[in-house]
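Participant: Below you will find the structure I want to go over with you.
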Amino acid sequence: MSLQFRQLQLRAVTAKGVYGATLAFEKGLVVVRAGNSSGKSTCVQSIIYALGLEGMISKKHSVPLPHCMTERLEDRGTEIIVLESSVLLEIENQKGEVLSIQRPVKSTSRDTHLVSTWDGPALTSPSNTYLQRDYFVRYEGAAQRERGFHHRLASFLGWELPDVPHYDESTGPLYLECIFPLAMIEQKHGWSGIQASIPVHYGIREVGKRSTEFLLALDAYKNSIARQELNDVKENIKRDWQVIFNGCQNLARAAGGVLQGLAAEPTTDWPRGVSPQIVFFGGVKWLSLTEELAEKEEQLKNEQSEEIQLAGEAANQVKIALEKAYEALRTTELLANRLMQELGAERAQVDSIDQRLEALKEDLYRHKDVQRLQRLGSEEALEISKDICPTCHQAVTDSLLPQDKRQTIMSVEENLDFIEGQLRTFESMRADAERVQEAKRQQVNAFVSRADELRTEIRAHKTTLTSSSRLPSISALRQRMVVEDRITKLRSVEEDFRRALEQFRQASELWRITLEKIRALPSDDLSQNDKQKLSQLQDIVVDQLHKYEFSSVSPRSISISSETYKPIHEDGFDLGFDLSATDMIRLIWSYLVGLLELTRSRQTDHPGFLIFDEPRQHEMSPTSYAEFLRRVANSRDHNQQVIVTSSGQETSIKEILGNVPFQLIGFPGKILTRLA
Amino acid sequence: MPKIDFLQAFDVRFDFIERPDTTPADFRPLWRMALLVLILDKCWGQRASIGQVHVLNWAIRTKQSRDAFLSFQKGSVSYERAIVRFEPSLNRAIDFAFGEGLIRKRANDVIEMTIKGRAWADKILNSPELLSEERGFLTGIKGKITQQTADAVLNWELKA
């Protein structure tokens with residue numbers, strides 16, 4: 001990837017003739033030197049404007065250029081009204097292709113959102129043979145649509161803009177305005193921090209991180225997308241599993257049985273050690289589906305082998321059967337009652353666990369407060385935050401309970417771990433209690449349906465005993481029908497359950513594969529290659545900080561965060577607040593130059609140029625500044641370009657750079673001069 | 001089966017490591033001092049009697065007491081829920097805060113924030129994530145809290 005600026009032209013048509021400026025840029029370090037308020041920043045702003053990147057200066061759609069381009073310009077003390085104006089820019093990419101861009105600033109005939117381009121060096125060697133096309137910019141779709149200028153610019157740069165997540169849950173392209181603040185520092189906001197002028201109004205999540213990731217061509221983004229997708233797959237399997245599981249439970253419940261050996265959550269443990277089954281309460285013990293089916297079939301065979309007796313003949317047998325049924329009903333109801341009581345106790349257990357969990361969560365959050373207070377307290381120099389008594393200056397334990405020397409109190413960090421451990425324990429206890437409850441509930445259901453069955457049987461027996469003795473025994477008839485029904489039912493349950501188990505097997509396999517894939521991703525999403533890039537970037541940044549006399553903290557203590565890819569201090573504090581103003585500038589230099597230099601040895605998507613609008617901010621020490629200029633001057637050897645504006649003296653710049661080759665562009669007065 | 005001589009089996013050196021004790025966060029001096037300055041911030045004139053602080057200290061610390069206090073304020077109370085506990089630990093926190101120079105004592109058992117205390121309170125108030133639950137409760141109480149507010153909670157028995 002590379003982008004090199006070849007020429008910039010400003011044009012302003014007035015009633016008194018055409019005014020303008022032409023700046024031809026070479027490779028390597030380019031210093032645009034002029035006195036204050038003569039138009040150095042105008043050059044940088046014009047480049048930004050020509051590229052349609054003014055979104056990084058302001059979210060407003062007004063033209064970000066000074067009066068001399070939009071309203072009136074000054075020529076030897078007289079003010080002249082600007083009628084029409086535009087900026088022209090010629091750029092070259094890594095393939096040597098040249099693109100010329102013209103964008104109107106003030107125009108009566110053309111919309112300022114319209115950019116004209118020529119596929120060729122229309123500025124440095126004008127010709128009417130170059131293909132000319134118009135594009136729109138700063139409208140929706142400028143980055144995605146064919147006629148969008150940023151779409152064109154991105155493909156000219158060889159960039160494939162990634163789709164990134166937005167805060168509103170949608171995704172969209174990573175806009176060019178978000179990437180360029182890592183290569184261009186404009187003076188208005190650019191110097192207040194790294195990526196200070198990154199626009200946030202597009203609502204892109206973690207926009208700073210995403211842009212750096214893109215510029216460094218890190219694998220991390222791909223990995224995080226892959227992780228996201230795998231997590232979605234996981235969720236889907238969970239849902240599917242739950243559906244099958246619920247189906248099985250309904251199946252068991254409808255057949256008056258209990259589901260055993262299955263969890264509601266997916267597992268990789270398949271086939272299970274104890275195979276899942278549906279069991280039935282057989283009055284004395286629990287029977288498996290196969291046993292239950294065998295028993296019923298046996299029963300049916302026995303019954304079919306006998307003639308159906310008349311009610312009168314069967315009376316004695318029916319009486320005995322009635323007694324038995326009563327007995328079974330009593331037992332079943334007793335067992336059901338006992339289970340209900342146990343269920344009540346389980347519920348109380350869950351309630352008390354919930355209370356404990358709530359208390360633990362409160363303590364956890366309060367301990368986090370203590371941690372934050374300790375940080376605040378250290379600024380206030382509160383002695384108690386160092387476990388020292390503020391009155392007698394002796395050591396105290398970190399507790400408001402009576403002070404006991406023998407007692408040691410956990411540090412806040414230890415205590416946080418402790419609470420988190422407890423939370424985990426109680427949460428698993430809760431899950432366990434829930435499981436027990438569910439199992440008991442199912443058993444209760446099985447007993448209830450068994451009791452219903454028995455009641456119907458009792459009714460049939462009673463009817464037999466009271467009916468005419470010459471009719472066939474209703475008990476016997478009913479019994480046979482019930483058994484036949486039951487067998488049909490059980491067979492269909494058996495079949496459905498077998499199918500469900502096959503679905504579980506497939507889901508479990510998919511679950512295992514998905515988990516393995518997730519495990520294979522690097523835990524912080526950074527590939528080995530990414531880590532090497534970041535560590536090399538860190539070396540380059542720290543090396544520069546040393547040379548630039550960075551002194552707010554030791555340069556050694558600065559590292560590149562694998563979270564945000566920005567420099568952080570080893571103690572984790574935000575570098576934004578704790579640096580002196582000039583050290584912040586040094587950090588910005590080092591980081592941006594670091595990104596540029598990294599491109600020399602690693603494959604990245606960096607455009608290979610940097611623009612700094614007046615890098616000598618605040619009362620920057622001359623030696624630091626000199627070191628910086630010499631450092632960026634070596635960009636020429638690597639086919640890169642660094643454009644710097646300066647109001648310093650020409651002689652002093654020449655002195656700093658000695659015989660290091662660089663290009664000096666100077667203009668004595670205002671940038672716009674009369675052309676014709 | 002051979003008999004195991006347990007004394008023999010355990011004939012190894014024993015090491016006892018003292019484990020530090022866990023303590024609830026609200027018994028950490030720093031946390032309670034932060035609560036103290038927040039309470040003073042909520043009191044009329046940024047000062048309060050020791051009794052007043054105790055009432056708010058009790059009210060703020062658990063969900064039950066927060067609910068009890070708020071419903072008491074609205075007048076819809078079952079009084080038996082509003083039993084204020086005087087905690088010795090708060091007295092220690094007050095002592096510590098005094099030692100740190102965050103508060104000073106005035107006549108009649110009244111304490112108030114010092115400039116240092118005020119600055120610390122402002123810092124806490126400027127960090128929205130700090131003690132958010134407790135602050136939410138304090139903001140939920142209308143206006144400033146006076147001695148009368150506290151007395152009402154303390155003396156409901158007498159009036160009832």
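Here's how to read the names in the structure tokens: chain A, B, ... by the order shown, residue numbers from 1 in each chain, ligand numbers from 1 in the order shown.
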List the spatial neighbours of Glu494 of chain A as JSON, numbers by chain - criterion: any atom at most 10 Å away, only C-alpha atoms, same-chain residues fewer than 2 positions off excluded.

Facilitator: {"A": [251, 277, 278, 289, 290, 293, 488, 489, 490, 491, 492, 496, 497, 498, 499, 500]}

Participant: Go ahead and write the selection's residues with C-alpha atoms as a short mmCIF file (atom, residue, chain, number, x, y, z; two decimals), in the first residue's frame.

Facilitator:
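Now in result19.cif:
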data_model
loop_
_atom_site.label_atom_id
_atom_site.label_comp_id
_atom_site.auth_asym_id
_atom_site.auth_seq_id
_atom_site.Cartn_x
_atom_site.Cartn_y
_atom_site.Cartn_z
CA LEU A 251 -42.75 -37.27 25.47
CA GLN A 277 -33.86 -43.29 29.06
CA ILE A 278 -37.48 -42.79 29.99
CA LEU A 289 -39.24 -48.23 28.64
CA THR A 290 -38.26 -51.65 27.32
CA LEU A 293 -43.26 -52.50 27.18
CA THR A 488 -49.29 -48.59 21.03
CA LYS A 489 -48.40 -45.48 22.99
CA LEU A 490 -45.17 -46.92 24.36
CA ARG A 491 -44.07 -48.10 20.92
CA SER A 492 -44.52 -44.65 19.45
CA ASP A 496 -39.70 -40.91 18.90
CA PHE A 497 -37.16 -41.21 21.66
CA ARG A 498 -34.78 -43.14 19.44
CA ARG A 499 -35.04 -40.39 16.83
CA ALA A 500 -34.42 -37.74 19.48
#

Participant: Taking 2 positions as the minimum chain separation for residues in the same chain, which residues sit within 12 Å of Glu169 of chain A when counting only C-alpha atoms? Answer as an MDAnalysis selection string.

Facilitator: chainID A and resid 164:167 171:172 203:205

Participant: Save the residues we just selected, all heavy atoms, as a PDB file, in the first residue's frame?

Facilitator:
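Ended up saving to again.pdb:
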ATOM      1  N   VAL A 164     -17.549  -3.335   9.663  1.00  0.00           N
ATOM      2  CA  VAL A 164     -17.342  -3.349  11.114  1.00  0.00           C
ATOM      3  C   VAL A 164     -18.665  -3.107  11.838  1.00  0.00           C
ATOM      4  O   VAL A 164     -19.571  -2.474  11.291  1.00  0.00           O
ATOM      5  CB  VAL A 164     -16.309  -2.276  11.546  1.00  0.00           C
ATOM      6  CG1 VAL A 164     -14.932  -2.649  11.057  1.00  0.00           C
ATOM      7  CG2 VAL A 164     -16.700  -0.913  11.032  1.00  0.00           C
ATOM      8  N   PRO A 165     -18.789  -3.619  13.062  1.00  0.00           N
ATOM      9  CA  PRO A 165     -20.043  -3.465  13.793  1.00  0.00           C
ATOM     10  C   PRO A 165     -20.258  -2.037  14.288  1.00  0.00           C
ATOM     11  O   PRO A 165     -19.324  -1.368  14.709  1.00  0.00           O
ATOM     12  CB  PRO A 165     -19.897  -4.428  14.971  1.00  0.00           C
ATOM     13  CG  PRO A 165     -18.449  -4.710  15.089  1.00  0.00           C
ATOM     14  CD  PRO A 165     -17.830  -4.484  13.759  1.00  0.00           C
ATOM     15  N   HIS A 166     -21.498  -1.599  14.199  1.00  0.00           N
ATOM     16  CA  HIS A 166     -21.870  -0.274  14.701  1.00  0.00           C
ATOM     17  C   HIS A 166     -22.625  -0.443  16.014  1.00  0.00           C
ATOM     18  O   HIS A 166     -23.069  -1.521  16.342  1.00  0.00           O
ATOM     19  CB  HIS A 166     -22.776   0.430  13.687  1.00  0.00           C
ATOM     20  CG  HIS A 166     -22.036   0.918  12.479  1.00  0.00           C
ATOM     21  ND1 HIS A 166     -22.218   2.147  11.927  1.00  0.00           N
ATOM     22  CD2 HIS A 166     -21.099   0.315  11.721  1.00  0.00           C
ATOM     23  CE1 HIS A 166     -21.432   2.297  10.883  1.00  0.00           C
ATOM     24  NE2 HIS A 166     -20.744   1.192  10.728  1.00  0.00           N
ATOM     25  N   TYR A 167     -22.777   0.669  16.724  1.00  0.00           N
ATOM     26  CA  TYR A 167     -23.461   0.598  18.015  1.00  0.00           C
ATOM     27  C   TYR A 167     -24.927   0.213  17.870  1.00  0.00           C
ATOM     28  O   TYR A 167     -25.518  -0.335  18.770  1.00  0.00           O
ATOM     29  CB  TYR A 167     -23.354   1.939  18.762  1.00  0.00           C
ATOM     30  CG  TYR A 167     -22.010   2.082  19.411  1.00  0.00           C
ATOM     31  CD1 TYR A 167     -21.082   3.001  18.955  1.00  0.00           C
ATOM     32  CD2 TYR A 167     -21.655   1.257  20.476  1.00  0.00           C
ATOM     33  CE1 TYR A 167     -19.838   3.096  19.545  1.00  0.00           C
ATOM     34  CE2 TYR A 167     -20.417   1.355  21.066  1.00  0.00           C
ATOM     35  CZ  TYR A 167     -19.516   2.276  20.602  1.00  0.00           C
ATOM     36  OH  TYR A 167     -18.290   2.361  21.176  1.00  0.00           O
ATOM     37  N   THR A 171     -23.929  -3.377  10.674  1.00  0.00           N
ATOM     38  CA  THR A 171     -22.522  -3.281  10.319  1.00  0.00           C
ATOM     39  C   THR A 171     -22.399  -2.371   9.115  1.00  0.00           C
ATOM     40  O   THR A 171     -23.354  -2.168   8.378  1.00  0.00           O
ATOM     41  CB  THR A 171     -21.902  -4.647   9.954  1.00  0.00           C
ATOM     42  OG1 THR A 171     -22.578  -5.140   8.800  1.00  0.00           O
ATOM     43  CG2 THR A 171     -22.018  -5.637  11.089  1.00  0.00           C
ATOM     44  N   GLY A 172     -21.217  -1.806   8.932  1.00  0.00           N
ATOM     45  CA  GLY A 172     -20.987  -0.927   7.803  1.00  0.00           C
ATOM     46  C   GLY A 172     -19.501  -0.838   7.566  1.00  0.00           C
ATOM     47  O   GLY A 172     -18.713  -1.369   8.350  1.00  0.00           O
ATOM     48  N   GLY A 203     -20.825   6.204  14.740  1.00  0.00           N
ATOM     49  CA  GLY A 203     -21.354   5.152  15.619  1.00  0.00           C
ATOM     50  C   GLY A 203     -20.700   3.806  15.432  1.00  0.00           C
ATOM     51  O   GLY A 203     -21.321   2.769  15.637  1.00  0.00           O
ATOM     52  N   ILE A 204     -19.415   3.819  15.019  1.00  0.00           N
ATOM     53  CA  ILE A 204     -18.711   2.543  14.862  1.00  0.00           C
ATOM     54  C   ILE A 204     -18.166   2.114  16.215  1.00  0.00           C
ATOM     55  O   ILE A 204     -17.544   2.900  16.918  1.00  0.00           O
ATOM     56  CB  ILE A 204     -17.553   2.681  13.853  1.00  0.00           C
ATOM     57  CG1 ILE A 204     -18.106   3.038  12.486  1.00  0.00           C
ATOM     58  CG2 ILE A 204     -16.722   1.402  13.788  1.00  0.00           C
ATOM     59  CD1 ILE A 204     -17.053   3.367  11.455  1.00  0.00           C
ATOM     60  N   ARG A 205     -18.420   0.879  16.578  1.00  0.00           N
ATOM     61  CA  ARG A 205     -17.919   0.355  17.843  1.00  0.00           C
ATOM     62  C   ARG A 205     -16.402   0.295  17.838  1.00  0.00           C
ATOM     63  O   ARG A 205     -15.822  -0.171  16.857  1.00  0.00           O
ATOM     64  CB  ARG A 205     -18.390  -1.087  18.025  1.00  0.00           C
ATOM     65  CG  ARG A 205     -19.642  -1.225  18.787  1.00  0.00           C
ATOM     66  CD  ARG A 205     -20.059  -2.674  18.722  1.00  0.00           C
ATOM     67  NE  ARG A 205     -21.472  -2.769  18.926  1.00  0.00           N
ATOM     68  CZ  ARG A 205     -22.032  -2.852  20.134  1.00  0.00           C
ATOM     69  NH1 ARG A 205     -21.284  -2.898  21.195  1.00  0.00           N
ATOM     70  NH2 ARG A 205     -23.335  -2.915  20.262  1.00  0.00           N
TER      71      ARG A 205
END

Participant: Write out as a PyMOL selection string which residues come within 9 Å of Ile47 of chain A when counting only C-alpha atoms, dropping same-chain ones fewer than 5 positions away.

Facilitator: chain A and resi 8+42+52-53+87-89

Participant: Using only C-alpha atoms, find the one residue out of B:Thr23, B:Asn108, B:Gln148, B:Ser49 that sits nearest to chain A.

Facilitator: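 Of the candidates, the smallest distance to chain A is held by B:Thr23.
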
Participant: Would you please extract all helix (DSSP H, G or I) residues from segment 87-148 of chain B, as assigned by DSSP on the backbone, and give them as a ChimeraX atom specification?

Facilitator: /B:88-100,115-125,132-140,147-148

Participant: Within 7 Å of chain A, which residues belong to chain B? Use only C-alpha atoms and report them as a ChimeraX atom specification.

Facilitator: /B:20-25,27-31,89,92-93,96,99-100,130-131

Participant: Which residues come within 9 Å of Gly608 of chain A, counting only C-alpha atoms, excluding same-chain residues fewer than 4 positions away, as a list in words?

Facilitator: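 My list of contacting residues is Met1, Ser2, Leu3, Gln4, Ala183, Leu596, Glu597, Thr599, Arg600, Ser635, Asn639, Gln640, Gln641 and Val642 of chain A.
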
Participant: Measuring between only C-alpha atoms, which one of B:Leu36, B:Ile50, B:Ile141, B:Val153 shows the shortest distance to Arg118 of chain B?

Facilitator: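 Closest residue, counting only C-alpha atoms: B:Leu36.
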
Participant: At a cut-off of 9 Å, using only C-alpha atoms, what residues contact Ala633 of chain A? Leave out same-chain residues fewer than 6 positions from it and give the result as a PDB file with all heavy atoms, in the first residue's frame.

Facilitator:
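Heads up, here's the output in around-v5.pdb:
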ATOM      1  N   GLY A  28      10.022  11.401   0.394  1.00  0.00           N
ATOM      2  CA  GLY A  28      10.827  11.700   1.573  1.00  0.00           C
ATOM      3  C   GLY A  28      10.241  12.855   2.361  1.00  0.00           C
ATOM      4  O   GLY A  28       9.045  13.143   2.269  1.00  0.00           O
ATOM      5  N   LEU A  29      11.091  13.509   3.137  1.00  0.00           N
ATOM      6  CA  LEU A  29      10.620  14.597   3.981  1.00  0.00           C
ATOM      7  C   LEU A  29      10.384  15.869   3.166  1.00  0.00           C
ATOM      8  O   LEU A  29      11.243  16.303   2.413  1.00  0.00           O
ATOM      9  CB  LEU A  29      11.640  14.870   5.098  1.00  0.00           C
ATOM     10  CG  LEU A  29      11.388  16.112   5.955  1.00  0.00           C
ATOM     11  CD1 LEU A  29      10.063  16.007   6.712  1.00  0.00           C
ATOM     12  CD2 LEU A  29      12.525  16.333   6.938  1.00  0.00           C
ATOM     13  N   VAL A  30       9.198  16.430   3.328  1.00  0.00           N
ATOM     14  CA  VAL A  30       8.860  17.701   2.688  1.00  0.00           C
ATOM     15  C   VAL A  30       8.525  18.678   3.810  1.00  0.00           C
ATOM     16  O   VAL A  30       7.637  18.400   4.618  1.00  0.00           O
ATOM     17  CB  VAL A  30       7.630  17.554   1.771  1.00  0.00           C
ATOM     18  CG1 VAL A  30       7.298  18.888   1.116  1.00  0.00           C
ATOM     19  CG2 VAL A  30       7.844  16.469   0.735  1.00  0.00           C
ATOM     20  N   GLN A 641       6.724   9.110   2.237  1.00  0.00           N
ATOM     21  CA  GLN A 641       6.659  10.564   2.192  1.00  0.00           C
ATOM     22  C   GLN A 641       6.163  11.098   3.534  1.00  0.00           C
ATOM     23  O   GLN A 641       5.214  10.551   4.099  1.00  0.00           O
ATOM     24  CB  GLN A 641       5.691  10.979   1.089  1.00  0.00           C
ATOM     25  CG  GLN A 641       5.733  12.454   0.753  1.00  0.00           C
ATOM     26  CD  GLN A 641       4.777  12.783  -0.379  1.00  0.00           C
ATOM     27  OE1 GLN A 641       3.663  12.253  -0.417  1.00  0.00           O
ATOM     28  NE2 GLN A 641       5.197  13.652  -1.284  1.00  0.00           N
ATOM     29  N   VAL A 642       6.829  12.120   4.042  1.00  0.00           N
ATOM     30  CA  VAL A 642       6.367  12.755   5.273  1.00  0.00           C
ATOM     31  C   VAL A 642       6.308  14.259   5.021  1.00  0.00           C
ATOM     32  O   VAL A 642       7.323  14.884   4.732  1.00  0.00           O
ATOM     33  CB  VAL A 642       7.310  12.451   6.459  1.00  0.00           C
ATOM     34  CG1 VAL A 642       6.834  13.196   7.698  1.00  0.00           C
ATOM     35  CG2 VAL A 642       7.388  10.958   6.726  1.00  0.00           C
ATOM     36  N   LEU A 657      18.983  19.653   9.538  1.00  0.00           N
ATOM     37  CA  LEU A 657      19.037  18.504   8.649  1.00  0.00           C
ATOM     38  C   LEU A 657      20.396  18.333   7.980  1.00  0.00           C
ATOM     39  O   LEU A 657      20.685  17.277   7.427  1.00  0.00           O
ATOM     40  CB  LEU A 657      17.915  18.588   7.622  1.00  0.00           C
ATOM     41  CG  LEU A 657      16.547  18.298   8.272  1.00  0.00           C
ATOM     42  CD1 LEU A 657      15.416  18.863   7.452  1.00  0.00           C
ATOM     43  CD2 LEU A 657      16.361  16.810   8.481  1.00  0.00           C
ATOM     44  N   VAL A 660      21.323  15.854   5.156  1.00  0.00           N
ATOM     45  CA  VAL A 660      20.258  14.876   4.937  1.00  0.00           C
ATOM     46  C   VAL A 660      19.345  15.417   3.838  1.00  0.00           C
ATOM     47  O   VAL A 660      18.909  16.561   3.922  1.00  0.00           O
ATOM     48  CB  VAL A 660      19.431  14.673   6.228  1.00  0.00           C
ATOM     49  CG1 VAL A 660      18.332  13.662   6.006  1.00  0.00           C
ATOM     50  CG2 VAL A 660      20.338  14.260   7.371  1.00  0.00           C
ATOM     51  N   PRO A 661      19.086  14.625   2.771  1.00  0.00           N
ATOM     52  CA  PRO A 661      18.255  15.172   1.704  1.00  0.00           C
ATOM     53  C   PRO A 661      16.803  15.371   2.152  1.00  0.00           C
ATOM     54  O   PRO A 661      16.233  14.510   2.813  1.00  0.00           O
ATOM     55  CB  PRO A 661      18.341  14.102   0.604  1.00  0.00           C
ATOM     56  CG  PRO A 661      18.817  12.864   1.267  1.00  0.00           C
ATOM     57  CD  PRO A 661      19.549  13.261   2.506  1.00  0.00           C
ATOM     58  N   PHE A 662      16.263  16.517   1.808  1.00  0.00           N
ATOM     59  CA  PHE A 662      14.840  16.769   2.052  1.00  0.00           C
ATOM     60  C   PHE A 662      14.407  17.904   1.136  1.00  0.00           C
ATOM     61  O   PHE A 662      15.237  18.554   0.501  1.00  0.00           O
ATOM     62  CB  PHE A 662      14.597  17.130   3.528  1.00  0.00           C
ATOM     63  CG  PHE A 662      14.944  18.546   3.900  1.00  0.00           C
ATOM     64  CD1 PHE A 662      13.949  19.500   4.107  1.00  0.00           C
ATOM     65  CD2 PHE A 662      16.278  18.943   4.021  1.00  0.00           C
ATOM     66  CE1 PHE A 662      14.271  20.804   4.439  1.00  0.00           C
ATOM     67  CE2 PHE A 662      16.604  20.245   4.357  1.00  0.00           C
ATOM     68  CZ  PHE A 662      15.604  21.176   4.565  1.00  0.00           C
TER      69      PHE A 662
END

Participant: From segment 4-136 of chain B, collect each residue whose DSSP state is strand (DSSP E) and return the set as number ranges by chain.

Facilitator: B: 47-49, 103-106, 110-113

Participant: Kindly export the residues of the current selection with N, CA, C and O atoms, as a PDB file, in the first residue's frame.

Facilitator:
ATOM      1  N   ARG B  47     -23.325  19.153  57.394  1.00  0.00           N
ATOM      2  CA  ARG B  47     -22.912  18.718  58.723  1.00  0.00           C
ATOM      3  C   ARG B  47     -24.032  17.897  59.339  1.00  0.00           C
ATOM      4  O   ARG B  47     -25.189  17.970  58.906  1.00  0.00           O
ATOM      5  N   ALA B  48     -23.669  17.097  60.302  1.00  0.00           N
ATOM      6  CA  ALA B  48     -24.661  16.215  60.896  1.00  0.00           C
ATOM      7  C   ALA B  48     -24.224  15.817  62.283  1.00  0.00           C
ATOM      8  O   ALA B  48     -23.035  15.812  62.598  1.00  0.00           O
ATOM      9  N   SER B  49     -25.219  15.479  63.096  1.00  0.00           N
ATOM     10  CA  SER B  49     -24.888  14.947  64.412  1.00  0.00           C
ATOM     11  C   SER B  49     -24.499  13.487  64.251  1.00  0.00           C
ATOM     12  O   SER B  49     -24.811  12.858  63.239  1.00  0.00           O
ATOM     13  N   ILE B 103     -12.879  15.287  58.148  1.00  0.00           N
ATOM     14  CA  ILE B 103     -13.985  15.923  58.875  1.00  0.00           C
ATOM     15  C   ILE B 103     -13.439  16.597  60.114  1.00  0.00           C
ATOM     16  O   ILE B 103     -12.315  16.320  60.544  1.00  0.00           O
ATOM     17  N   ARG B 104     -14.241  17.502  60.692  1.00  0.00           N
ATOM     18  CA  ARG B 104     -13.858  18.067  61.992  1.00  0.00           C
ATOM     19  C   ARG B 104     -15.090  18.068  62.883  1.00  0.00           C
ATOM     20  O   ARG B 104     -16.224  17.951  62.407  1.00  0.00           O
ATOM     21  N   LYS B 105     -14.826  18.155  64.182  1.00  0.00           N
ATOM     22  CA  LYS B 105     -15.945  18.086  65.124  1.00  0.00           C
ATOM     23  C   LYS B 105     -16.329  19.496  65.565  1.00  0.00           C
ATOM     24  O   LYS B 105     -15.474  20.361  65.710  1.00  0.00           O
ATOM     25  N   ARG B 106     -17.605  19.687  65.713  1.00  0.00           N
ATOM     26  CA  ARG B 106     -18.103  20.940  66.263  1.00  0.00           C
ATOM     27  C   ARG B 106     -18.783  20.626  67.585  1.00  0.00           C
ATOM     28  O   ARG B 106     -18.797  19.480  68.014  1.00  0.00           O
ATOM     29  N   VAL B 110     -21.594  17.345  66.728  1.00  0.00           N
ATOM     30  CA  VAL B 110     -21.860  17.561  65.310  1.00  0.00           C
ATOM     31  C   VAL B 110     -20.544  17.468  64.541  1.00  0.00           C
ATOM     32  O   VAL B 110     -19.524  17.976  64.994  1.00  0.00           O
ATOM     33  N   ILE B 111     -20.562  16.767  63.401  1.00  0.00           N
ATOM     34  CA  ILE B 111     -19.359  16.709  62.574  1.00  0.00           C
ATOM     35  C   ILE B 111     -19.636  17.363  61.231  1.00  0.00           C
ATOM     36  O   ILE B 111     -20.770  17.354  60.738  1.00  0.00           O
ATOM     37  N   GLU B 112     -18.585  17.895  60.613  1.00  0.00           N
ATOM     38  CA  GLU B 112     -18.755  18.486  59.292  1.00  0.00           C
ATOM     39  C   GLU B 112     -17.502  18.247  58.461  1.00  0.00           C
ATOM     40  O   GLU B 112     -16.435  17.949  58.992  1.00  0.00           O
ATOM     41  N   MET B 113     -17.660  18.394  57.135  1.00  0.00           N
ATOM     42  CA  MET B 113     -16.543  18.128  56.244  1.00  0.00           C
ATOM     43  C   MET B 113     -15.540  19.275  56.263  1.00  0.00           C
ATOM     44  O   MET B 113     -15.909  20.427  56.348  1.00  0.00           O
TER      45      MET B 113
END

Participant: What gap, in Å, lies between atom CA of Ala348 of chain A and atom CA of Ala433 of chain A?

Facilitator: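 Atom CA of Ala348 of chain A sits 10.1 Å away from atom CA of Ala433 of chain A.
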
Participant: So that I can see what lies close to Leu575 of chain A, please list as an MDAnalysis selection string the residues with an atom at most 10 Å from it, counting only C-alpha atoms and leaving out residues fewer than 5 positions away in the same chain.

Facilitator: chainID A and resid 193 552:553 558 566:569 580 583:584 587

Participant: At a cut-off of 8 Å, using only C-alpha atoms, what residues contact Gly148 of chain A? Leave out same-chain residues fewer than 4 positions from it and give the result as an MDAnalysis selection string.

Facilitator: chainID A and resid 135:137 141:144 152
